[in-house]
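Listing of model-v1.csv; format and content: CSV, C-alpha atoms.
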```
chain,number,residue,atom,x,y,z
A,1,MET,CA,1.6,9.0,116.2
A,2,ARG,CA,2.0,7.0,113.0
A,3,TRP,CA,-1.8,6.9,112.4
A,4,PHE,CA,-2.1,10.6,113.2
A,5,THR,CA,0.5,11.4,110.5
A,6,VAL,CA,-1.3,9.1,108.0
A,7,ALA,CA,-4.6,10.9,108.9
A,8,VAL,CA,-3.1,14.3,108.3
A,9,ILE,CA,-1.8,13.2,104.9
A,10,VAL,CA,-4.9,11.6,103.6
A,11,CYS,CA,-7.2,14.4,104.9
A,12,GLY,CA,-5.2,16.8,102.8
A,13,CYS,CA,-6.9,18.3,99.8
A,14,ALA,CA,-5.6,20.3,96.9
A,15,PHE,CA,-7.4,21.2,93.7
A,16,LYS,CA,-6.8,23.3,90.7
A,17,GLN,CA,-9.5,25.9,90.3
A,18,TYR,CA,-10.0,27.6,87.0
A,19,SER,CA,-11.4,31.1,87.1
A,20,PRO,CA,-14.6,31.5,85.0
A,21,PRO,CA,-14.1,32.7,81.5
A,22,LEU,CA,-15.5,36.2,82.2
A,23,SER,CA,-13.0,36.9,85.0
A,24,LEU,CA,-9.7,35.4,83.9
A,25,PRO,CA,-9.0,32.4,81.7
A,26,ALA,CA,-6.6,29.8,83.0
A,27,ALA,CA,-3.1,29.9,81.6
A,28,ASP,CA,-3.2,26.2,80.9
A,29,ALA,CA,-6.1,26.6,78.5
A,30,GLN,CA,-4.3,29.3,76.6
A,31,LYS,CA,-1.1,27.2,76.5
A,32,THR,CA,-2.9,24.3,74.8
A,33,PHE,CA,-4.3,26.6,72.1
A,34,ALA,CA,-0.9,28.2,71.4
A,35,GLN,CA,0.8,24.8,71.2
A,36,ALA,CA,-1.9,23.3,68.9
A,37,VAL,CA,-1.5,26.3,66.5
A,38,GLU,CA,2.3,26.1,66.6
A,39,HIS,CA,2.1,22.4,65.5
A,40,LEU,CA,0.1,23.4,62.5
A,41,VAL,CA,2.0,26.5,61.4
A,42,LYS,CA,5.1,24.3,60.8
A,43,ASN,CA,3.2,22.6,58.0
A,44,LEU,CA,2.5,25.9,56.1
A,45,LYS,CA,3.3,25.6,52.3
A,46,THR,CA,5.1,28.6,50.9
A,47,GLU,CA,6.2,27.4,47.4
A,48,PRO,CA,3.0,28.7,45.7
A,49,LEU,CA,3.8,32.2,47.0
A,50,LYS,CA,7.3,32.5,45.5
A,51,GLY,CA,7.7,35.4,43.1
A,52,HIS,CA,4.5,37.0,44.3
A,53,ILE,CA,3.7,39.9,46.6
A,54,VAL,CA,1.6,38.6,49.4
A,55,TYR,CA,-0.8,40.4,51.8
A,56,VAL,CA,-2.0,38.6,55.0
A,57,LYS,CA,-5.5,39.6,55.9
A,58,PHE,CA,-6.2,40.5,59.5
A,59,ARG,CA,-9.6,41.2,61.2
A,60,GLU,CA,-8.5,43.8,63.6
A,61,ARG,CA,-11.2,45.6,65.5
A,62,LYS,CA,-11.9,49.2,64.6
A,63,ASP,CA,-13.2,50.2,68.1
A,64,LEU,CA,-9.9,49.3,69.7
A,65,GLN,CA,-7.9,51.0,67.0
A,66,PHE,CA,-10.0,54.1,67.6
A,67,ALA,CA,-9.4,54.0,71.4
A,68,ARG,CA,-5.7,53.7,70.8
A,69,ALA,CA,-5.6,56.4,68.2
A,70,LYS,CA,-7.4,58.7,70.6
A,71,LEU,CA,-4.9,57.9,73.4
A,72,MET,CA,-2.0,58.6,71.1
A,73,GLU,CA,-3.5,61.9,70.0
A,74,GLU,CA,-3.8,62.9,73.6
A,75,MET,CA,-0.2,61.9,74.3
A,76,THR,CA,1.0,63.8,71.3
A,77,ALA,CA,-0.9,66.9,72.4
A,78,GLY,CA,0.4,66.6,75.9
A,79,ILE,CA,-3.1,66.6,77.4
A,80,THR,CA,-2.5,63.4,79.4
A,81,LEU,CA,0.0,60.7,79.8
A,82,PRO,CA,-1.7,58.0,81.9
A,83,LEU,CA,-0.4,55.1,79.9
A,84,LEU,CA,-1.0,52.5,82.5
A,85,GLY,CA,-4.5,51.6,83.2
A,86,ILE,CA,-6.3,53.8,80.8
A,87,TYR,CA,-9.1,52.0,78.9
A,88,SER,CA,-8.0,48.9,80.8
A,89,HIS,CA,-11.2,47.7,82.4
A,90,GLN,CA,-13.9,48.4,80.0
A,91,PRO,CA,-16.1,45.5,79.1
A,92,VAL,CA,-16.7,45.1,75.3
A,93,LEU,CA,-19.3,42.9,73.7
A,94,ARG,CA,-18.7,41.2,70.4
A,95,THR,CA,-20.7,38.9,68.2
A,96,ARG,CA,-17.8,36.8,67.1
A,97,PRO,CA,-14.3,36.6,68.5
A,98,PRO,CA,-11.9,37.2,65.6
A,99,GLN,CA,-8.9,37.3,68.0
A,100,GLU,CA,-7.9,33.7,67.5
A,101,GLU,CA,-7.7,34.2,63.7
A,102,ASP,CA,-5.7,37.3,64.1
A,103,TYR,CA,-3.3,35.7,66.5
A,104,VAL,CA,-2.8,32.8,64.1
A,105,ALA,CA,-2.5,35.3,61.2
A,106,SER,CA,0.3,37.1,63.1
A,107,LEU,CA,2.2,33.8,63.4
A,108,ILE,CA,1.6,33.0,59.7
A,109,LEU,CA,2.9,36.5,58.8
A,110,CYS,CA,6.1,35.9,60.9
A,111,GLU,CA,6.6,32.4,59.3
A,112,LEU,CA,6.2,33.8,55.8
A,113,ALA,CA,8.7,36.6,56.5
A,114,ARG,CA,11.1,34.1,58.0
A,115,ARG,CA,10.9,31.9,54.8
A,116,GLY,CA,11.7,35.0,52.7
A,117,VAL,CA,8.2,35.5,51.1
A,118,CYS,CA,7.8,39.0,49.6
A,119,LEU,CA,5.1,40.6,51.8
A,120,THR,CA,3.2,43.9,51.7
A,121,GLN,CA,0.9,45.7,54.1
A,122,ASN,CA,-1.0,47.3,51.2
A,123,PRO,CA,-3.8,45.1,50.0
A,124,ASP,CA,-3.9,46.9,46.6
A,125,ALA,CA,-0.2,46.2,45.9
A,126,ALA,CA,-0.5,42.4,46.5
A,127,ASP,CA,-0.8,39.7,43.9
A,128,ILE,CA,-2.0,37.2,46.5
A,129,THR,CA,-4.1,37.7,49.6
A,130,VAL,CA,-3.8,35.1,52.4
A,131,PHE,CA,-6.8,34.4,54.6
A,132,VAL,CA,-6.6,32.6,57.9
A,133,ILE,CA,-9.8,30.8,58.9
A,134,LEU,CA,-10.1,28.8,62.1
A,135,LEU,CA,-12.6,26.1,61.3
A,136,ALA,CA,-12.7,24.9,64.8
A,137,SER,CA,-11.0,25.7,68.1
A,138,GLY,CA,-12.3,24.2,71.3
A,139,ALA,CA,-11.2,22.6,74.5
A,140,GLU,CA,-12.6,19.8,76.6
A,141,THR,CA,-11.6,18.9,80.2
A,142,THR,CA,-11.7,15.4,81.6
A,143,ILE,CA,-11.4,15.0,85.3
A,144,ARG,CA,-10.4,11.6,86.7
A,145,GLU,CA,-10.6,10.7,90.4
A,146,LEU,CA,-9.9,7.6,92.3
A,147,SER,CA,-11.2,7.8,95.8
A,148,TYR,CA,-11.9,5.5,98.7
A,149,GLN,CA,-14.4,6.5,101.4
A,150,GLY,CA,-14.0,10.1,100.6
A,151,ILE,CA,-10.3,10.1,100.4
A,152,VAL,CA,-9.0,11.1,97.0
A,153,LEU,CA,-6.1,8.9,96.1
A,154,TYR,CA,-5.6,10.0,92.6
A,155,TYR,CA,-6.9,13.1,90.8
A,156,SER,CA,-6.1,14.4,87.3
A,157,GLU,CA,-7.4,17.0,85.0
A,158,GLN,CA,-6.7,16.6,81.3
A,159,MET,CA,-7.3,19.6,79.0
A,160,ARG,CA,-7.5,18.8,75.3
A,161,ARG,CA,-7.6,21.5,72.7
A,162,GLU,CA,-8.5,20.7,69.1
A,163,VAL,CA,-7.8,23.2,66.3
A,164,ARG,CA,-8.7,22.9,62.7
A,165,LEU,CA,-7.2,25.6,60.5
A,166,LEU,CA,-7.5,26.6,56.9
A,167,VAL,CA,-5.0,29.1,55.4
A,168,ALA,CA,-6.3,30.0,51.9
A,169,ALA,CA,-4.8,32.3,49.3
A,170,TYR,CA,-6.4,34.2,46.5
A,171,ASN,CA,-4.4,35.0,43.4
A,172,HIS,CA,-5.7,38.4,42.1
A,173,ILE,CA,-4.1,37.9,38.7
A,174,THR,CA,-5.4,34.4,37.9
A,175,GLY,CA,-8.5,34.7,40.0
A,176,LYS,CA,-7.8,31.3,41.6
A,177,MET,CA,-8.1,30.3,45.2
A,178,PHE,CA,-5.8,27.7,46.7
A,179,ASN,CA,-4.9,26.3,50.1
A,180,LEU,CA,-1.6,26.9,51.9
A,181,LEU,CA,-2.6,24.8,54.9
A,182,ARG,CA,-5.5,22.7,55.8
A,183,GLY,CA,-5.1,20.6,58.8
A,184,LYS,CA,-6.0,19.8,62.4
A,185,SER,CA,-3.9,19.5,65.5
A,186,PHE,CA,-4.3,19.0,69.2
A,187,ALA,CA,-2.5,19.8,72.4
A,188,GLU,CA,-3.1,18.1,75.7
A,189,GLU,CA,-2.0,19.1,79.2
A,190,THR,CA,-2.6,16.8,82.1
A,191,THR,CA,-2.3,17.8,85.7
A,192,ILE,CA,-1.9,15.0,88.2
A,193,PHE,CA,-2.2,15.1,91.9
A,194,LEU,CA,-1.6,12.1,94.2
A,195,LEU,CA,-3.7,12.2,97.4
A,196,LYS,CA,-4.4,15.8,96.2
A,197,ILE,CA,-1.2,16.7,98.0
A,198,THR,CA,1.8,15.8,95.9
A,199,GLY,CA,1.7,17.5,92.5
A,200,PRO,CA,0.9,19.0,90.2
A,201,VAL,CA,2.8,16.8,87.7
A,202,LEU,CA,2.4,18.3,84.3
A,203,ARG,CA,2.5,16.3,81.1
A,204,ASN,CA,2.2,17.9,77.6
A,205,VAL,CA,1.2,16.0,74.5
A,206,GLY,CA,0.5,17.4,71.1
A,207,GLY,CA,0.8,17.2,67.4
A,208,THR,CA,-0.9,17.2,64.1
A,209,ARG,CA,-2.9,14.3,62.7
B,1,MET,CA,-9.0,24.6,132.4
B,2,ARG,CA,-9.1,21.3,130.5
B,3,TYR,CA,-12.6,22.1,129.1
B,4,ILE,CA,-11.3,25.5,127.9
B,5,SER,CA,-8.3,23.9,126.2
B,6,ALA,CA,-10.6,21.3,124.6
B,7,PHE,CA,-13.0,24.0,123.5
B,8,SER,CA,-10.1,26.1,122.0
B,9,LEU,CA,-8.8,23.1,120.2
B,10,CYS,CA,-12.2,22.4,118.8
B,11,LEU,CA,-12.4,26.0,117.6
B,12,LEU,CA,-9.0,25.7,116.0
B,13,SER,CA,-9.8,22.4,114.3
B,14,LEU,CA,-13.2,23.4,113.0
B,15,GLY,CA,-12.2,26.8,111.8
B,16,CYS,CA,-12.5,27.3,108.1
B,17,ALA,CA,-11.6,30.2,105.9
B,18,THR,CA,-12.6,30.2,102.3
B,19,LYS,CA,-12.0,33.0,99.9
B,20,VAL,CA,-15.1,33.5,97.8
B,21,TYR,CA,-14.9,35.6,94.7
B,22,ILE,CA,-17.8,37.6,93.7
B,23,GLY,CA,-19.0,36.6,90.2
B,24,PRO,CA,-17.8,37.9,86.8
B,25,GLY,CA,-20.0,41.0,87.0
B,26,THR,CA,-17.8,42.6,89.5
B,27,GLY,CA,-14.5,41.9,87.8
B,28,VAL,CA,-11.3,39.9,88.2
B,29,SER,CA,-10.0,39.2,91.7
B,30,ALA,CA,-7.3,41.5,93.0
B,31,GLU,CA,-4.8,38.7,93.4
B,32,SER,CA,-5.1,37.7,89.8
B,33,GLN,CA,-4.6,41.2,88.7
B,34,ILE,CA,-1.6,41.8,91.0
B,35,VAL,CA,0.2,38.7,89.8
B,36,LEU,CA,-0.7,39.0,86.2
B,37,SER,CA,0.3,42.7,85.9
B,38,GLN,CA,3.6,41.9,87.6
B,39,THR,CA,4.2,39.0,85.2
B,40,LEU,CA,3.3,41.1,82.2
B,41,GLU,CA,5.7,43.9,83.3
B,42,ASP,CA,8.4,41.4,83.8
B,43,ALA,CA,7.9,39.7,80.5
B,44,LEU,CA,7.8,43.0,78.6
B,45,SER,CA,10.9,44.3,80.4
B,46,ARG,CA,12.8,41.2,79.0
B,47,LEU,CA,12.2,42.3,75.4
B,48,ASN,CA,15.0,44.2,73.9
B,49,LEU,CA,13.2,47.4,72.8
B,50,ARG,CA,16.3,49.7,72.9
B,51,GLN,CA,17.0,48.7,69.3
B,52,PHE,CA,13.9,50.6,68.2
B,53,ALA,CA,14.9,53.8,69.9
B,54,LYS,CA,14.1,57.0,68.0
B,55,LYS,CA,11.9,55.1,65.6
B,56,ARG,CA,8.3,55.8,64.7
B,57,VAL,CA,6.5,52.5,65.5
B,58,LEU,CA,3.1,51.1,64.7
B,59,LEU,CA,2.2,48.7,67.5
B,60,ARG,CA,-0.2,45.8,66.9
B,61,ILE,CA,-1.2,43.2,69.5
B,62,PHE,CA,-2.6,39.8,68.7
B,63,GLY,CA,-3.8,37.1,71.0
B,64,SER,CA,-6.6,34.6,71.3
B,65,SER,CA,-9.9,35.6,72.8
B,66,ARG,CA,-8.8,33.8,75.9
B,67,THR,CA,-5.9,36.2,76.2
B,68,VAL,CA,-6.9,39.5,74.8
B,69,GLY,CA,-10.5,39.0,73.6
B,70,LEU,CA,-11.8,40.3,76.9
B,71,VAL,CA,-10.6,43.8,76.7
B,72,PRO,CA,-8.9,44.3,80.2
B,73,SER,CA,-6.0,42.1,79.2
B,74,ASN,CA,-5.7,43.5,75.8
B,75,THR,CA,-5.6,47.1,76.8
B,76,LEU,CA,-3.4,46.4,79.8
B,77,ILE,CA,-0.9,44.7,77.6
B,78,TRP,CA,-1.1,47.6,75.1
B,79,SER,CA,-0.7,50.2,77.9
B,80,LEU,CA,2.3,48.5,79.4
B,81,MET,CA,3.9,47.9,76.1
B,82,ALA,CA,3.4,51.5,75.1
B,83,GLU,CA,5.0,52.6,78.4
B,84,GLN,CA,8.0,50.3,77.8
B,85,LEU,CA,8.4,51.6,74.3
B,86,ALA,CA,8.1,55.2,75.5
B,87,LYS,CA,10.8,54.5,78.1
B,88,ASN,CA,13.1,53.3,75.4
B,89,GLY,CA,12.6,56.4,73.3
B,90,VAL,CA,10.2,55.0,70.8
B,91,SER,CA,7.4,57.1,69.3
B,92,LEU,CA,4.1,55.4,68.7
B,93,VAL,CA,2.3,56.4,65.6
B,94,ILE,CA,-0.7,55.2,63.6
B,95,ARG,CA,0.4,56.5,60.2
B,96,GLU,CA,3.7,56.4,58.3
B,97,PRO,CA,5.7,54.3,60.7
B,98,ASP,CA,9.4,53.4,60.4
B,99,LEU,CA,8.6,50.0,61.8
B,100,ILE,CA,5.6,47.7,62.5
B,101,LEU,CA,5.8,45.8,65.8
B,102,ASN,CA,3.6,42.8,66.0
B,103,LEU,CA,3.2,41.5,69.6
B,104,SER,CA,1.7,38.0,69.6
B,105,VAL,CA,0.4,37.1,73.1
B,106,ALA,CA,0.4,33.3,73.3
B,107,ILE,CA,-0.4,33.1,77.0
B,108,CYS,CA,-1.6,35.7,79.4
B,109,GLY,CA,-3.5,34.0,82.2
B,110,VAL,CA,-3.6,32.8,85.8
B,111,ASP,CA,-3.9,29.3,87.3
B,112,VAL,CA,-5.3,29.0,90.8
B,113,VAL,CA,-4.3,26.0,93.0
B,114,ARG,CA,-5.6,25.6,96.5
B,115,ARG,CA,-4.1,23.2,99.1
B,116,ASP,CA,-5.3,22.1,102.5
B,117,PHE,CA,-3.7,20.2,105.3
B,118,ILE,CA,-6.9,20.0,107.3
B,119,PRO,CA,-7.1,21.5,109.9
B,120,PHE,CA,-3.6,23.0,110.1
B,121,TYR,CA,-2.7,24.7,106.9
B,122,HIS,CA,-4.3,26.2,103.8
B,123,HIS,CA,-2.9,28.2,100.9
B,124,THR,CA,-4.1,29.5,97.6
B,125,ASN,CA,-1.6,29.9,94.9
B,126,PHE,CA,-2.1,32.2,91.9
B,127,ARG,CA,0.4,31.4,89.2
B,128,ALA,CA,0.4,33.9,86.3
B,129,THR,CA,2.1,32.9,83.0
B,130,VAL,CA,2.8,35.3,80.1
B,131,ASP,CA,4.3,34.2,76.8
B,132,LEU,CA,5.1,36.8,74.2
B,133,ARG,CA,6.5,36.9,70.7
B,134,LEU,CA,7.6,40.2,69.2
B,135,ALA,CA,8.4,40.6,65.5
B,136,ALA,CA,9.5,43.8,63.8
B,137,TYR,CA,8.7,44.5,60.2
B,138,ASP,CA,9.8,47.1,57.7
B,139,PRO,CA,6.5,48.7,56.6
B,140,LEU,CA,7.5,48.9,52.9
B,141,THR,CA,8.9,45.5,52.3
B,142,MET,CA,7.4,43.7,55.3
B,143,ALA,CA,10.7,42.0,55.8
B,144,LEU,CA,11.7,41.0,59.3
B,145,VAL,CA,13.9,43.6,61.1
B,146,GLY,CA,16.1,41.5,63.3
B,147,GLU,CA,15.1,38.1,64.8
B,148,PRO,CA,11.7,37.7,66.4
B,149,GLN,CA,11.9,37.8,70.2
B,150,HIS,CA,10.3,35.2,72.4
B,151,THR,CA,9.9,35.6,76.1
B,152,ARG,CA,8.0,33.8,78.9
B,153,ALA,CA,7.6,34.9,82.4
B,154,SER,CA,5.9,33.2,85.4
B,155,TRP,CA,5.2,34.7,88.8
B,156,CYS,CA,3.4,33.2,91.9
B,157,TYR,CA,1.4,34.9,94.5
B,158,ARG,CA,0.5,32.9,97.6
B,159,GLU,CA,-1.8,33.5,100.6
B,160,LYS,CA,-1.2,31.1,103.6
B,161,TYR,CA,-3.4,30.5,106.5
B,162,TRP,CA,-2.5,28.5,109.7
B,163,PHE,CA,-5.4,26.7,111.4
B,164,TYR,CA,-7.7,28.5,108.9
B,165,ILE,CA,-7.7,31.4,111.2
B,166,ILE,CA,-4.2,32.9,111.4
B,167,GLY,CA,-3.3,34.7,108.2
B,168,PRO,CA,-3.2,35.5,105.4
B,169,TYR,CA,0.5,35.6,105.0
B,170,ARG,CA,1.2,36.9,101.5
B,171,SER,CA,4.2,36.3,99.4
B,172,MET,CA,5.1,36.7,95.7
B,173,TRP,CA,8.1,35.3,93.8
B,174,LYS,CA,9.3,34.8,90.3
B,175,GLU,CA,9.2,31.3,89.0
B,176,GLN,CA,10.4,31.6,85.4
```

The structure in this file should be written as structure tokens.
Amino acid sequence: MRWFTVAVIVCGCAFKQYSPPLSLPAADAQKTFAQAVEHLVKNLKTEPLKGHIVYVKFRERKDLQFARAKLMEEMTAGITLPLLGIYSHQPVLRTRPPQEEDYVASLILCELARRGVCLTQNPDAADITVFVILLASGAETTIRELSYQGIVLYYSEQMRREVRLLVAAYNHITGKMFNLLRGKSFAEETTIFLLKITGPVLRNVGGTR
Amino acid sequence: MRYISAFSLCLLSLGCATKVYIGPGTGVSAESQIVLSQTLEDALSRLNLRQFAKKRVLLRIFGSSRTVGLVPSNTLIWSLMAEQLAKNGVSLVIREPDLILNLSVAICGVDVVRRDFIPFYHHTNFRATVDLRLAAYDPLTMALVGEPQHTRASWCYREKYWFYIIGPYRSMWKEQ
């Protein structure tokens, strides 16, 4: 009976399976990006912006704006009100994903507003325009496995996200460009299984360097 | 009788049920959609939108390409948020708003974990996590209106099989 129990335990198998990028990205992968960015945003310099009107540049996509504007027009006209699900499963191709930069820009905007910087949404009224440029943003996954005769004793997946970010500002009056933030950060999430049965044990590490 | 029992036991032991998802071309699995939409709805319902009632609001959604770059998530978030705002008496506009609402989507995804106790038990767990930050700005001064809101929701959807044959037994519950 004892050996039977041991056999049942060691024959167990559990693994984390990430959906492929085109179906649904794993939450863990997104979490590491968000954490790495948050580490960096804390280091944003706002002193050079004092006394100026600041505009934060976004790269929003026009096609989505058009789709939403159309939906809103329809709602206003009372033609249709299918809010849920409309336009929700249309594949869209893009040459370059600007969403990461816009996401970071939204956090930068919130941070600037929190620190009392005078902001505007009109680019013509601004003294300074802030640009958010993600120089690098990528993840790598390392899988470690300790097994004996096909029995996995230890299994871990470590996802590491590296982000390099440049937040630059252009002063329209002086014509000078300067950096508000230039740095790199990382976030790691490790998922550990013992005998592929107990777990996952999650461990988060991250920071700027 | 003994042979029949042995044969039945063999059948039970050797049984195997594996869920195979058809590739990206056909779309996201139903389980992922079920649990993610439920989590999104839950996360959005935790935001205090009543304070924006009777306001004309311009809604902007931001997220990484891993969250909203592939349009299904983006437009689903937008649709659900628009519905929540409409329920709270907010009018969505694209020009001359009273308020600008920036919804930053930090996480909107699903982790899948599969477990086996061969040959007795198998389950597949779909855990969806949604992390949202909502900031409201005055369109003229771009000053923050109220404190930015932060909410995180997590739901699990599980399908269990006994002996790889009996099942699936489905369950869904809130984790966070």

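For the pair atom CA of A:Val152 and atom CA of B:Arg158, the interatomic distance is 23.8 Å.
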
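Proximity of B:Arg115, B:His122, B:His150, B:Arg170 to chain A, computed with all atoms listed in the file, is greatest for B:Arg115.
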
Name the residues, using the chain letters and numbers of the file, that sit within 6 Å of (0.7, 33.3, 71.3) when counting all atoms listed in the file, and give them as JSON, numbers by chain.
{"A": [34], "B": [63, 104, 105, 106, 107]}

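As for atom CA of A:Asp28 and atom CA of A:Thr190, they are spaced 9.5 Å apart.
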
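Between atom CA of A:Pro48 and atom CA of A:Leu180 lies a distance of 7.9 Å.
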
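Each of B:Phe7, B:Tyr164, B:Phe52, B:Phe62 was checked against B:Ala86 using all atoms listed in the file; the smallest atom-to-atom distance is that of B:Phe52.
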
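Taking only C-alpha atoms, the non-local environment of A:Phe131 within 8 Å (same-chain residues fewer than 6 positions away omitted) comprises A:Val56, A:Lys57, A:Phe58, A:Ala105, A:Val167, A:Ala168, A:Ala169.
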
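Of the listed residues A:Ser185, A:Thr198, A:Thr46, A:Gln149, the one whose atoms come nearest to chain B is A:Thr198, with distances taken using all atoms listed in the file.
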
Give the answer as one residue: which of A:Arg114, A:Arg164, A:His39, A:Lys184 has the shortest atom-to-atom distance to chain B, using only C-alpha atoms?
A:Arg114

For each of A:Gly138, A:Gly116, A:Pro123, A:Gly51, take the minimum atom-to-atom distance to chain B, counting all atoms listed in the file, then give the residue where this is smallest.
A:Gly116

Using only C-alpha atoms, which residue out of A:Glu111, A:Glu140, A:Glu189, A:Glu145 lies closest to B:Ala143?
A:Glu111

Give me the residues near stretch 95-98 of chain B as an MDAnalysis selection string, where near means some atom within 8 Å (using all atoms listed in the file) and where sequence neighbours in that chain fewer than 2 positions away do not count.
chainID B and resid 55:58 93 100 138:139

Residues within 9 Å of stretch 171-175 of chain B, please, as a PyMOL selection string. Count all atoms listed in the file; anything in the same chain fewer than 2 positions from it doesn't count.
chain B and resi 35+39+127+153-160+169

Around (0.7, 32.3, 47.3) in the file's frame, which residues reach within 10 Å when counting all atoms listed in the file? Return as a PyMOL selection string?
chain A and resi 45-55+117+127-130+168-171+177-180

Where atoms are lacking, stretch 126-143 of chain B completed to N, CA and C atoms, as a short mmCIF file (atom, residue, chain, number, x, y, z; two decimals), in the frame of the given file:
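Okay, this is what ended up in result.cif:
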```
data_model
loop_
_atom_site.label_atom_id
_atom_site.label_comp_id
_atom_site.auth_asym_id
_atom_site.auth_seq_id
_atom_site.Cartn_x
_atom_site.Cartn_y
_atom_site.Cartn_z
N PHE B 126 -1.70 31.61 93.24
CA PHE B 126 -2.10 32.20 91.90
C PHE B 126 -0.81 32.24 91.09
N ARG B 127 -0.79 31.43 90.06
CA ARG B 127 0.40 31.40 89.20
C ARG B 127 0.03 32.06 87.84
N ALA B 128 0.69 33.17 87.53
CA ALA B 128 0.40 33.90 86.30
C ALA B 128 1.52 33.49 85.26
N THR B 129 1.13 33.24 84.04
CA THR B 129 2.10 32.90 83.00
C THR B 129 1.83 33.86 81.80
N VAL B 130 2.90 34.43 81.29
CA VAL B 130 2.80 35.30 80.10
C VAL B 130 3.83 34.83 79.09
N ASP B 131 3.38 34.60 77.87
CA ASP B 131 4.30 34.20 76.80
C ASP B 131 4.08 35.11 75.62
N LEU B 132 5.16 35.78 75.23
CA LEU B 132 5.10 36.80 74.20
C LEU B 132 6.03 36.55 73.06
N ARG B 133 5.63 36.91 71.85
CA ARG B 133 6.50 36.90 70.70
C ARG B 133 6.44 38.23 70.02
N LEU B 134 7.58 38.84 69.81
CA LEU B 134 7.60 40.20 69.20
C LEU B 134 8.37 40.11 67.89
N ALA B 135 7.71 40.56 66.84
CA ALA B 135 8.40 40.60 65.50
C ALA B 135 8.29 42.01 64.98
N ALA B 136 9.40 42.48 64.43
CA ALA B 136 9.50 43.80 63.80
C ALA B 136 9.56 43.72 62.34
N TYR B 137 8.76 44.52 61.64
CA TYR B 137 8.70 44.50 60.20
C TYR B 137 9.03 45.85 59.60
N ASP B 138 9.67 45.83 58.45
CA ASP B 138 9.80 47.10 57.70
C ASP B 138 8.46 47.33 57.02
N PRO B 139 7.88 48.52 57.16
CA PRO B 139 6.50 48.70 56.60
C PRO B 139 6.45 48.68 55.10
N LEU B 140 7.55 48.94 54.41
CA LEU B 140 7.50 48.90 52.90
C LEU B 140 7.65 47.52 52.39
N THR B 141 8.66 46.81 52.86
CA THR B 141 8.90 45.50 52.30
C THR B 141 8.30 44.37 53.16
N MET B 142 7.87 44.71 54.35
CA MET B 142 7.40 43.70 55.30
C MET B 142 8.38 42.63 55.61
N ALA B 143 9.65 42.96 55.45
CA ALA B 143 10.70 42.00 55.80
C ALA B 143 10.97 42.13 57.30
#
```
